[in-house]
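Shown next: input.cif, given as mmCIF, C-alpha atoms.
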data_input
#
loop_
_atom_site.label_atom_id
_atom_site.label_comp_id
_atom_site.auth_asym_id
_atom_site.auth_seq_id
_atom_site.Cartn_x
_atom_site.Cartn_y
_atom_site.Cartn_z
CA MET A 28 -49.42 -103.42 63.85
CA SER A 29 -50.77 -100.34 62.09
CA GLN A 30 -48.21 -98.04 60.50
CA THR A 31 -50.19 -94.78 60.48
CA THR A 32 -48.29 -92.03 62.27
CA SER A 33 -49.19 -88.64 63.64
CA GLU A 34 -47.07 -85.74 64.85
CA PRO A 35 -46.64 -85.21 68.60
CA GLN A 36 -47.58 -81.89 70.13
CA SER A 37 -44.38 -79.86 70.57
CA SER A 38 -45.58 -77.72 73.51
CA VAL A 39 -44.46 -80.21 76.18
CA GLN A 40 -41.97 -82.17 74.12
CA GLY A 41 -38.50 -82.54 75.57
CA THR A 42 -39.58 -83.09 79.16
CA GLU A 43 -39.56 -86.11 81.45
CA SER A 44 -43.32 -85.86 81.92
CA TYR A 45 -43.85 -85.96 78.15
CA GLU A 46 -41.89 -89.22 77.92
CA ALA A 47 -43.66 -90.61 80.98
CA GLU A 48 -46.99 -90.17 79.20
CA HIS A 49 -46.04 -91.06 75.61
CA VAL A 50 -43.37 -93.72 76.18
CA HIS A 51 -43.14 -95.19 79.70
CA ARG A 52 -46.85 -95.52 80.42
CA VAL A 53 -47.49 -97.06 77.00
CA TYR A 54 -44.80 -99.72 77.38
CA GLU A 55 -46.10 -100.66 80.83
CA ILE A 56 -49.50 -101.33 79.26
CA ILE A 57 -48.35 -103.16 76.12
CA ALA A 58 -45.50 -105.09 77.81
CA PRO A 59 -46.99 -108.63 77.52
CA HIS A 60 -47.92 -108.15 73.86
CA PHE A 61 -44.65 -106.36 73.05
CA SER A 62 -42.61 -109.11 74.68
CA ALA A 63 -44.48 -111.79 72.74
CA THR A 64 -43.30 -110.19 69.48
CA ARG A 65 -39.66 -109.67 70.52
CA PHE A 66 -37.77 -112.95 70.56
CA LYS A 67 -35.27 -113.00 67.65
CA PRO A 68 -31.96 -111.11 68.12
CA TRP A 69 -30.95 -108.71 65.34
CA PRO A 70 -27.95 -110.23 63.48
CA ILE A 71 -25.45 -107.39 63.97
CA VAL A 72 -26.30 -107.07 67.67
CA GLU A 73 -25.90 -110.83 68.02
CA LYS A 74 -22.52 -110.66 66.26
CA PHE A 75 -21.38 -107.81 68.52
CA LEU A 76 -22.23 -109.83 71.64
CA LYS A 77 -20.76 -113.10 70.42
CA GLU A 78 -17.42 -111.45 69.57
CA LEU A 79 -16.92 -110.20 73.13
CA ARG A 80 -14.12 -111.69 75.21
CA PRO A 81 -15.23 -114.47 77.59
CA GLY A 82 -15.80 -113.06 81.06
CA SER A 83 -16.78 -109.62 79.79
CA VAL A 84 -19.31 -107.73 81.91
CA GLY A 85 -21.68 -105.25 80.32
CA LEU A 86 -25.02 -103.48 80.20
CA ASP A 87 -28.18 -103.70 78.13
CA VAL A 88 -29.73 -100.26 78.56
CA GLY A 89 -33.42 -100.44 77.69
CA CYS A 90 -33.32 -104.23 77.70
CA GLY A 91 -37.06 -104.77 77.21
CA ASN A 92 -37.81 -108.45 77.72
CA GLY A 93 -34.10 -109.30 77.78
CA LYS A 94 -33.92 -111.13 74.46
CA TYR A 95 -30.21 -110.26 74.06
CA MET A 96 -29.20 -111.48 77.49
CA ALA A 97 -29.01 -115.13 76.42
CA VAL A 98 -27.05 -114.59 73.19
CA ASN A 99 -23.58 -115.20 74.65
CA PRO A 100 -23.38 -117.47 77.72
CA ASN A 101 -19.75 -116.47 78.24
CA VAL A 102 -20.50 -112.86 79.23
CA PHE A 103 -22.51 -111.34 82.07
CA ILE A 104 -25.15 -108.71 81.31
CA ILE A 105 -27.01 -106.35 83.62
CA GLY A 106 -30.19 -105.31 81.84
CA SER A 107 -32.22 -102.25 82.77
CA ASP A 108 -35.48 -100.75 81.58
CA ARG A 109 -38.00 -98.11 82.73
CA SER A 110 -40.84 -100.61 82.33
CA HIS A 111 -41.45 -102.70 85.45
CA ASN A 112 -43.49 -105.16 83.42
CA LEU A 113 -40.80 -105.68 80.77
CA VAL A 114 -38.13 -106.14 83.44
CA LYS A 115 -40.22 -109.00 84.86
CA PHE A 116 -39.67 -110.82 81.56
CA ALA A 117 -35.96 -109.95 81.45
CA ALA A 118 -35.50 -111.23 85.00
CA THR A 119 -36.30 -114.76 83.82
CA HIS A 120 -32.75 -114.94 82.42
CA LYS A 121 -31.40 -116.18 85.75
CA GLN A 122 -27.74 -116.24 84.73
CA HIS A 123 -27.87 -112.47 84.31
CA ASP A 124 -29.46 -109.59 86.21
CA ALA A 125 -32.26 -107.15 85.39
CA LEU A 126 -33.52 -104.06 87.18
CA VAL A 127 -35.75 -101.02 86.71
CA ALA A 128 -33.71 -97.91 85.89
CA ASP A 129 -33.71 -94.81 83.71
CA ALA A 130 -30.97 -94.50 81.08
CA LEU A 131 -30.33 -90.95 82.33
CA ASP A 132 -29.69 -92.21 85.87
CA LEU A 133 -28.03 -95.61 85.68
CA PRO A 134 -27.36 -97.05 89.17
CA HIS A 135 -23.93 -98.47 88.33
CA PRO A 136 -20.36 -97.42 89.13
CA CYS A 137 -18.76 -95.43 86.31
CA SER A 138 -15.94 -96.71 84.09
CA ARG A 139 -16.38 -100.37 85.10
CA PHE A 140 -17.98 -102.12 82.12
CA ASP A 141 -16.48 -103.83 79.09
CA PHE A 142 -19.45 -103.19 76.82
CA ALA A 143 -22.98 -101.82 76.54
CA ILE A 144 -25.83 -102.11 74.09
CA SER A 145 -28.89 -99.91 73.74
CA ILE A 146 -31.17 -101.16 70.98
CA ALA A 147 -34.12 -99.05 69.79
CA VAL A 148 -34.15 -96.94 72.96
CA ILE A 149 -32.46 -93.54 72.49
CA HIS A 150 -35.07 -92.46 69.90
CA HIS A 151 -37.69 -92.40 72.69
CA PHE A 152 -36.03 -89.38 74.37
CA SER A 153 -37.85 -86.28 73.19
CA SER A 154 -35.11 -83.65 72.85
CA THR A 155 -31.60 -83.43 71.43
CA GLU A 156 -30.25 -82.66 74.89
CA ARG A 157 -31.92 -85.66 76.53
CA ARG A 158 -30.80 -88.02 73.75
CA ALA A 159 -27.20 -86.81 74.04
CA ALA A 160 -27.41 -87.08 77.83
CA ALA A 161 -28.58 -90.70 77.56
CA ILE A 162 -25.64 -91.52 75.29
CA GLU A 163 -23.28 -89.74 77.69
CA SER A 164 -24.73 -91.77 80.56
CA ILE A 165 -23.98 -95.01 78.70
CA LEU A 166 -20.52 -93.77 77.76
CA SER A 167 -19.71 -93.01 81.40
CA MET A 168 -20.23 -96.68 82.27
CA LEU A 169 -17.51 -97.94 79.91
CA LYS A 170 -13.94 -98.70 80.93
CA PRO A 171 -11.49 -96.04 79.74
CA LYS A 172 -8.68 -96.86 77.34
CA VAL A 173 -5.28 -97.62 78.85
CA ASN A 174 -2.25 -96.17 77.06
CA GLY A 175 -4.44 -95.43 74.06
CA LEU A 176 -5.05 -99.11 73.27
CA ASP A 177 -8.53 -99.67 71.78
CA GLU A 178 -8.76 -103.21 73.12
CA THR A 179 -8.48 -101.96 76.71
CA GLY A 180 -11.46 -99.59 76.55
CA GLY A 181 -15.14 -100.40 76.72
CA LYS A 182 -17.33 -100.23 73.62
CA ALA A 183 -21.03 -99.78 72.98
CA LEU A 184 -23.51 -100.47 70.21
CA ILE A 185 -26.59 -98.29 69.68
CA TYR A 186 -29.51 -98.69 67.27
CA VAL A 187 -32.18 -96.04 66.59
CA TRP A 188 -34.93 -95.72 64.01
CA ALA A 189 -33.89 -93.88 60.86
CA LEU A 190 -35.79 -91.12 59.08
CA GLU A 191 -34.78 -92.39 55.65
CA GLN A 192 -37.24 -95.27 55.15
CA LYS A 193 -38.75 -94.37 51.79
CA ASN A 194 -38.75 -97.96 50.54
CA SER A 195 -40.13 -99.42 53.74
CA ARG A 196 -43.74 -100.03 54.75
CA ARG A 197 -43.66 -96.77 56.75
CA GLY A 198 -42.57 -94.64 53.80
CA TRP A 199 -40.70 -91.92 55.70
CA ASP A 200 -38.06 -89.94 53.83
CA GLU A 201 -35.86 -86.84 54.23
CA THR A 202 -38.89 -84.55 53.96
CA SER A 203 -40.83 -86.24 56.78
CA ASN A 204 -41.24 -84.91 60.29
CA GLN A 205 -38.63 -86.35 62.64
CA ASP A 206 -40.83 -86.39 65.73
CA VAL A 207 -43.75 -88.76 65.35
CA PHE A 208 -46.21 -90.97 67.14
CA VAL A 209 -46.13 -94.63 66.13
CA PRO A 210 -49.19 -96.72 67.01
CA TRP A 211 -49.21 -100.06 68.77
CA VAL A 212 -52.45 -101.99 68.38
CA LEU A 213 -52.81 -103.94 71.61
CA GLN A 214 -54.67 -107.19 71.06
CA LYS A 215 -57.45 -107.62 73.60
CA LYS A 216 -56.01 -110.90 74.92
CA PHE A 217 -52.94 -108.94 76.11
CA THR A 218 -54.87 -106.08 77.71
CA VAL A 219 -53.67 -105.06 81.17
CA LYS A 220 -55.26 -102.83 83.77
CA ASP A 221 -53.64 -99.40 83.74
CA ASP A 222 -52.94 -97.93 87.17
CA LYS A 223 -52.73 -94.17 86.54
CA THR A 224 -51.89 -93.45 90.16
CA THR A 225 -48.51 -95.16 89.90
CA GLY A 226 -47.85 -94.87 86.18
CA GLN A 227 -47.55 -98.66 86.01
CA ALA A 228 -49.72 -101.41 84.69
CA ASN A 229 -50.84 -104.51 86.51
CA GLN A 230 -50.83 -108.07 85.28
CA PRO A 231 -53.27 -109.17 82.51
CA GLN A 232 -56.84 -109.27 83.79
CA ALA A 233 -59.37 -112.06 83.41
CA GLU A 234 -61.91 -109.70 81.86
CA VAL A 235 -60.74 -107.55 78.94
CA PRO A 236 -62.42 -105.20 76.47
CA ASN A 237 -64.18 -106.69 73.47
CA ARG A 238 -61.92 -104.96 70.99
CA ASP A 239 -58.27 -104.13 70.38
CA LYS A 240 -56.98 -100.75 71.54
CA THR A 241 -54.37 -98.50 69.93
CA TYR A 242 -51.66 -96.71 71.93
CA GLN A 243 -49.32 -94.07 70.55
CA ARG A 244 -45.56 -94.12 71.25
CA TYR A 245 -43.23 -91.16 70.74
CA TYR A 246 -40.23 -91.62 68.42
CA HIS A 247 -37.52 -89.29 67.14
CA LEU A 248 -36.43 -90.42 63.68
CA TYR A 249 -32.71 -89.94 63.13
CA ARG A 250 -31.40 -88.21 60.01
CA LYS A 251 -28.27 -89.55 58.35
CA GLY A 252 -25.27 -88.42 60.40
CA GLU A 253 -27.33 -87.25 63.39
CA LEU A 254 -26.46 -90.20 65.63
CA GLU A 255 -22.76 -89.63 64.97
CA ASP A 256 -23.21 -86.00 66.02
CA ASP A 257 -24.99 -87.02 69.24
CA VAL A 258 -22.28 -89.53 70.15
CA SER A 259 -19.52 -87.01 69.41
CA SER A 260 -21.24 -84.31 71.47
CA ALA A 261 -21.47 -86.80 74.34
CA GLY A 262 -17.71 -87.37 74.15
CA GLY A 263 -17.71 -90.78 72.48
CA ALA A 264 -15.24 -91.99 69.87
CA VAL A 265 -17.12 -93.37 66.85
CA ILE A 266 -15.78 -96.78 65.81
CA GLU A 267 -18.25 -97.68 63.07
CA SER A 268 -21.60 -96.42 61.85
CA GLY A 269 -24.08 -97.33 59.19
CA TYR A 270 -27.67 -98.09 58.19
CA GLU A 271 -29.47 -101.40 58.44
CA LYS A 272 -33.12 -102.27 57.82
CA ASP A 273 -34.56 -98.81 58.55
CA ASN A 274 -32.26 -98.28 61.54
CA CYS A 275 -29.17 -96.20 62.14
CA LYS A 276 -26.50 -98.21 63.94
CA LEU A 277 -23.34 -96.98 65.60
CA ALA A 278 -20.54 -98.54 67.62
CA PHE A 279 -18.51 -96.24 69.81
CA GLY A 280 -15.92 -96.39 72.54
CA THR A 281 -14.31 -94.27 75.19
CA PRO A 282 -11.89 -91.58 74.00
CA LEU A 283 -8.39 -91.26 75.38
CA PRO A 284 -8.64 -89.50 78.76
CA ILE A 285 -7.57 -85.83 78.57
CA LEU A 286 -4.60 -86.13 80.93
CA GLN A 287 -3.47 -89.32 79.25
CA ALA A 288 -3.84 -87.74 75.81
CA GLN A 289 -1.78 -84.74 76.89
CA SER A 290 0.88 -87.07 78.26
CA SER A 291 0.97 -89.03 74.99
CA GLN A 292 1.26 -85.83 72.97
CA SER A 293 4.13 -84.67 75.20
CA GLN A 294 5.94 -87.96 74.62
CA ILE A 295 5.48 -87.63 70.86
CA PHE A 296 6.75 -84.04 70.99
CA ALA A 297 9.74 -85.10 73.09
CA LYS A 298 10.65 -87.83 70.62
CA SER A 299 10.43 -85.45 67.67
CA LYS A 300 12.41 -82.66 69.34
CA PRO A 301 16.13 -82.56 68.33
CA ASN A 302 18.57 -83.60 71.04
CA ASN A 303 21.23 -80.89 71.09
CA ASN A 304 23.36 -82.85 73.52
CA LYS A 305 24.24 -85.49 70.95
#
Go ahead and express the file in the form of structure tokens.
Amino acid sequence: MSQTTSEPQSSVQGTESYEAEHVHRVYEIIAPHFSATRFKPWPIVEKFLKELRPGSVGLDVGCGNGKYMAVNPNVFIIGSDRSHNLVKFAATHKQHDALVADALDLPHPCSRFDFAISIAVIHHFSSTERRAAAIESILSMLKPKVNGLDETGGKALIYVWALEQKNSRRGWDETSNQDVFVPWVLQKKFTVKDDKTTGQANQPQAEVPNRDKTYQRYYHLYRKGELEDDVSSAGGAVIESGYEKDNCKLAFGTPLPILQAQSSQSQIFAKSKPNNNK
């Protein structure tokens, strides 16, 4: 895949229609080719999933072809993605479930899930507000902590592309633009018919163009510390963060509920207050 990048036009950036054109439509078209290149789980994501308690129920937000759904047979995962064509691949993991949904409007009950992952997804939202809202949406799905115990609350793992990639093939660094287009060269054997009336793409056609075609995908490249800020602004409690292979990674959980936190603080205050009756 070519690594040449160009800067998106900022006039319509930050809107749902911008992402529909520069993210969702592209993934509908490239879905068969994209899925064919996405089969090996990233090690830290695999570790996160394998360390979950047996019987845990969680979400894969932006699941793509569902490659993480089969990592741990002892948990149940509901995968979701905006791409109908990618969800078709994810749905082949019969022991789990997959559906079409937007990360900003997840069709699940709040505060019910033990875990969530969202791998290489949040960077496709084209404004700070929409990225924070997507993280907040994921956070709202997690079980709250009980009595302040970390093991009782849900936890999530997020990966996004990093800006600091000076030593990589892409060559981005701190001076680079954070909002870029990244090309995907669609091989002609994977070409699908694009249905512009629905914003979806149909199945691969028998007759395809005689050459490969390049599609541009919008990405926001995260500066060091930016993902932590987004998670904090969404109300999440950062558990661990770091950098791995040109990606920013971050694990977070649910904070102590406000009323519960106030109750805990009152108990601490009561214990520390002198008892004049003694």
Original post:
Expressed in Å to a single decimal, how great is the separation between CA of Val127 (chain A) and CA of Ala58 (chain A)?
Top reply: 13.8 Å
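When only C-alpha atoms are used to measure the gap to Val39 (chain A), the shortest distance among A:Thr241, A:Ser260, A:Thr218, A:Ser153 belongs to A:Ser153.
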**OP:** Using the chain letters and numbers from the file, give me the residues hit by the PyMOL selection byres ((chain A and resi 88-101) around 9), as a ChimeraX atom specification.
**Re:** /A:58,61-63,65-69,72-73,76-83,86-87,102-110,112-120,122-125,128-130,133,143-149,165
**OP:** Measure the distance from CA of Val207 (chain A) to CA of Thr155 (chain A) in Å and round it to one decimal.
**Re:**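 Taking CA of Val207 (chain A) and CA of Thr155 (chain A), their separation equals 14.6 Å.
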**OP:** Run the PyMOL selection byres ((chain A and resi 169) around 10) mentally over the shown coordinates, then write out the matched residues as a PyMOL selection string, using the chain letters and numbers from the document.
**Re:** chain A and resi 85-86+136-143+164-168+170-172+180-183+280-281
Original post:
Which distance in Å separates CA of Val84 (chain A) and CA of His111 (chain A), to one decimal?
Top reply: 23.0 Å
Original post:
For Val50 (chain A), which residue out of A:Tyr249, A:His151, A:Arg197, A:Tyr270 is the nearest one, using all atoms listed in the file?
Top reply: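 The closest residue to Val50 (chain A) is A:His151.
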Name all residues at most 10 Å from Ala189 (chain A) (count only C-alpha atoms; drop same-chain ones fewer than 5 positions away) and give them as an mmCIF file with C-alpha atoms, in the coordinates of the input.
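Okay, around.cif is ready:
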data_model
loop_
_atom_site.group_PDB
_atom_site.id
_atom_site.type_symbol
_atom_site.label_atom_id
_atom_site.label_comp_id
_atom_site.auth_asym_id
_atom_site.auth_seq_id
_atom_site.Cartn_x
_atom_site.Cartn_y
_atom_site.Cartn_z
ATOM 1 C CA HIS A 150 -35.070 -92.460 69.900
ATOM 2 C CA TRP A 199 -40.700 -91.920 55.700
ATOM 3 C CA ASP A 200 -38.060 -89.940 53.830
ATOM 4 C CA GLU A 201 -35.860 -86.840 54.230
ATOM 5 C CA GLN A 205 -38.630 -86.350 62.640
ATOM 6 C CA HIS A 247 -37.520 -89.290 67.140
ATOM 7 C CA LEU A 248 -36.430 -90.420 63.680
ATOM 8 C CA TYR A 249 -32.710 -89.940 63.130
ATOM 9 C CA ARG A 250 -31.400 -88.210 60.010
ATOM 10 C CA LYS A 251 -28.270 -89.550 58.350
ATOM 11 C CA GLU A 253 -27.330 -87.250 63.390
ATOM 12 C CA LEU A 254 -26.460 -90.200 65.630
ATOM 13 C CA TYR A 270 -27.670 -98.090 58.190
ATOM 14 C CA GLU A 271 -29.470 -101.400 58.440
ATOM 15 C CA LYS A 272 -33.120 -102.270 57.820
ATOM 16 C CA ASP A 273 -34.560 -98.810 58.550
ATOM 17 C CA ASN A 274 -32.260 -98.280 61.540
ATOM 18 C CA CYS A 275 -29.170 -96.200 62.140
ATOM 19 C CA LYS A 276 -26.500 -98.210 63.940
#
Subject >> Distance query 6 Å from (-23.9, -96.1, 70.3) using all atoms listed in the file, result as a list in words >> reply: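 Every polymer residue passing the test: Ala183, Leu184, Ile185, Leu277, Ala278 and Phe279 of chain A.
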Atoms added to region 48-59 of chain A (all heavy atoms), reported as an mmCIF file, in the frame of the given file:
data_model
loop_
_atom_site.group_PDB
_atom_site.id
_atom_site.type_symbol
_atom_site.label_atom_id
_atom_site.label_comp_id
_atom_site.auth_asym_id
_atom_site.auth_seq_id
_atom_site.Cartn_x
_atom_site.Cartn_y
_atom_site.Cartn_z
ATOM 1 N N GLU A 48 -45.664 -89.968 79.757
ATOM 2 C CA GLU A 48 -46.990 -90.170 79.200
ATOM 3 C C GLU A 48 -46.958 -90.912 77.864
ATOM 4 O O GLU A 48 -47.759 -91.824 77.631
ATOM 5 C CB GLU A 48 -47.688 -88.818 79.013
ATOM 6 C CG GLU A 48 -49.063 -88.897 78.358
ATOM 7 C CD GLU A 48 -50.092 -89.601 79.215
ATOM 8 O OE1 GLU A 48 -49.880 -89.709 80.439
ATOM 9 O OE2 GLU A 48 -51.111 -90.050 78.664
ATOM 10 N N HIS A 49 -46.022 -90.560 76.986
ATOM 11 C CA HIS A 49 -46.040 -91.060 75.610
ATOM 12 C C HIS A 49 -45.061 -92.193 75.336
ATOM 13 O O HIS A 49 -45.016 -92.697 74.212
ATOM 14 C CB HIS A 49 -45.773 -89.908 74.636
ATOM 15 C CG HIS A 49 -46.792 -88.820 74.711
ATOM 16 N ND1 HIS A 49 -48.122 -89.032 74.403
ATOM 17 C CD2 HIS A 49 -46.692 -87.509 75.076
ATOM 18 C CE1 HIS A 49 -48.796 -87.901 74.558
ATOM 19 N NE2 HIS A 49 -47.956 -86.975 74.970
ATOM 20 N N VAL A 50 -44.292 -92.586 76.349
ATOM 21 C CA VAL A 50 -43.370 -93.720 76.180
ATOM 22 C C VAL A 50 -43.533 -94.707 77.345
ATOM 23 O O VAL A 50 -43.987 -95.830 77.147
ATOM 24 C CB VAL A 50 -41.897 -93.251 76.095
ATOM 25 C CG1 VAL A 50 -40.978 -94.470 75.910
ATOM 26 C CG2 VAL A 50 -41.697 -92.273 74.941
ATOM 27 N N HIS A 51 -43.204 -94.265 78.567
ATOM 28 C CA HIS A 51 -43.140 -95.190 79.700
ATOM 29 C C HIS A 51 -44.489 -95.820 80.017
ATOM 30 O O HIS A 51 -44.596 -97.043 80.197
ATOM 31 C CB HIS A 51 -42.582 -94.483 80.934
ATOM 32 C CG HIS A 51 -41.289 -93.772 80.685
ATOM 33 N ND1 HIS A 51 -40.274 -94.336 79.946
ATOM 34 C CD2 HIS A 51 -40.849 -92.537 81.048
ATOM 35 C CE1 HIS A 51 -39.263 -93.495 79.879
ATOM 36 N NE2 HIS A 51 -39.596 -92.395 80.526
ATOM 37 N N ARG A 52 -45.522 -94.999 80.101
ATOM 38 C CA ARG A 52 -46.850 -95.520 80.420
ATOM 39 C C ARG A 52 -47.335 -96.500 79.357
ATOM 40 O O ARG A 52 -47.923 -97.549 79.672
ATOM 41 C CB ARG A 52 -47.850 -94.379 80.573
ATOM 42 C CG ARG A 52 -49.285 -94.830 80.814
ATOM 43 C CD ARG A 52 -50.224 -93.655 81.053
ATOM 44 N NE ARG A 52 -51.607 -94.096 81.070
ATOM 45 C CZ ARG A 52 -52.388 -94.149 79.989
ATOM 46 N NH1 ARG A 52 -51.912 -93.745 78.824
ATOM 47 N NH2 ARG A 52 -53.633 -94.568 80.073
ATOM 48 N N VAL A 53 -47.049 -96.189 78.098
ATOM 49 C CA VAL A 53 -47.490 -97.060 77.000
ATOM 50 C C VAL A 53 -46.820 -98.426 77.091
ATOM 51 O O VAL A 53 -47.481 -99.474 76.971
ATOM 52 C CB VAL A 53 -47.203 -96.406 75.636
ATOM 53 C CG1 VAL A 53 -47.557 -97.368 74.500
ATOM 54 C CG2 VAL A 53 -47.982 -95.109 75.490
ATOM 55 N N TYR A 54 -45.502 -98.429 77.326
ATOM 56 C CA TYR A 54 -44.800 -99.720 77.380
ATOM 57 C C TYR A 54 -45.216 -100.544 78.601
ATOM 58 O O TYR A 54 -45.202 -101.784 78.542
ATOM 59 C CB TYR A 54 -43.289 -99.510 77.333
ATOM 60 C CG TYR A 54 -42.789 -99.351 75.917
ATOM 61 C CD1 TYR A 54 -42.504 -98.099 75.391
ATOM 62 C CD2 TYR A 54 -42.636 -100.457 75.082
ATOM 63 C CE1 TYR A 54 -42.072 -97.943 74.083
ATOM 64 C CE2 TYR A 54 -42.207 -100.318 73.775
ATOM 65 C CZ TYR A 54 -41.928 -99.063 73.278
ATOM 66 O OH TYR A 54 -41.502 -98.918 71.975
ATOM 67 N N GLU A 55 -45.589 -99.897 79.695
ATOM 68 C CA GLU A 55 -46.100 -100.660 80.830
ATOM 69 C C GLU A 55 -47.380 -101.394 80.442
ATOM 70 O O GLU A 55 -47.596 -102.540 80.823
ATOM 71 C CB GLU A 55 -46.384 -99.719 82.007
ATOM 72 C CG GLU A 55 -45.153 -99.240 82.731
ATOM 73 C CD GLU A 55 -44.508 -100.314 83.603
ATOM 74 O OE1 GLU A 55 -44.132 -101.375 83.062
ATOM 75 O OE2 GLU A 55 -44.388 -100.095 84.810
ATOM 76 N N ILE A 56 -48.207 -100.742 79.646
ATOM 77 C CA ILE A 56 -49.500 -101.330 79.260
ATOM 78 C C ILE A 56 -49.324 -102.432 78.219
ATOM 79 O O ILE A 56 -49.940 -103.495 78.314
ATOM 80 C CB ILE A 56 -50.443 -100.230 78.729
ATOM 81 C CG1 ILE A 56 -50.792 -99.245 79.854
ATOM 82 C CG2 ILE A 56 -51.710 -100.844 78.149
ATOM 83 C CD1 ILE A 56 -51.519 -98.010 79.378
ATOM 84 N N ILE A 57 -48.480 -102.208 77.227
ATOM 85 C CA ILE A 57 -48.350 -103.160 76.120
ATOM 86 C C ILE A 57 -47.282 -104.223 76.374
ATOM 87 O O ILE A 57 -47.049 -105.072 75.504
ATOM 88 C CB ILE A 57 -48.043 -102.426 74.791
ATOM 89 C CG1 ILE A 57 -46.619 -101.852 74.798
ATOM 90 C CG2 ILE A 57 -49.076 -101.335 74.515
ATOM 91 C CD1 ILE A 57 -46.178 -101.293 73.443
ATOM 92 N N ALA A 58 -46.654 -104.220 77.537
ATOM 93 C CA ALA A 58 -45.500 -105.090 77.810
ATOM 94 C C ALA A 58 -45.725 -106.563 77.444
ATOM 95 O O ALA A 58 -44.886 -107.153 76.757
ATOM 96 C CB ALA A 58 -45.070 -104.950 79.271
ATOM 97 N N PRO A 59 -46.816 -107.212 77.869
ATOM 98 C CA PRO A 59 -46.990 -108.630 77.520
ATOM 99 C C PRO A 59 -47.064 -108.862 76.012
ATOM 100 O O PRO A 59 -46.458 -109.805 75.488
ATOM 101 C CB PRO A 59 -48.303 -109.002 78.208
ATOM 102 C CG PRO A 59 -48.440 -108.011 79.323
ATOM 103 C CD PRO A 59 -47.871 -106.733 78.780
#
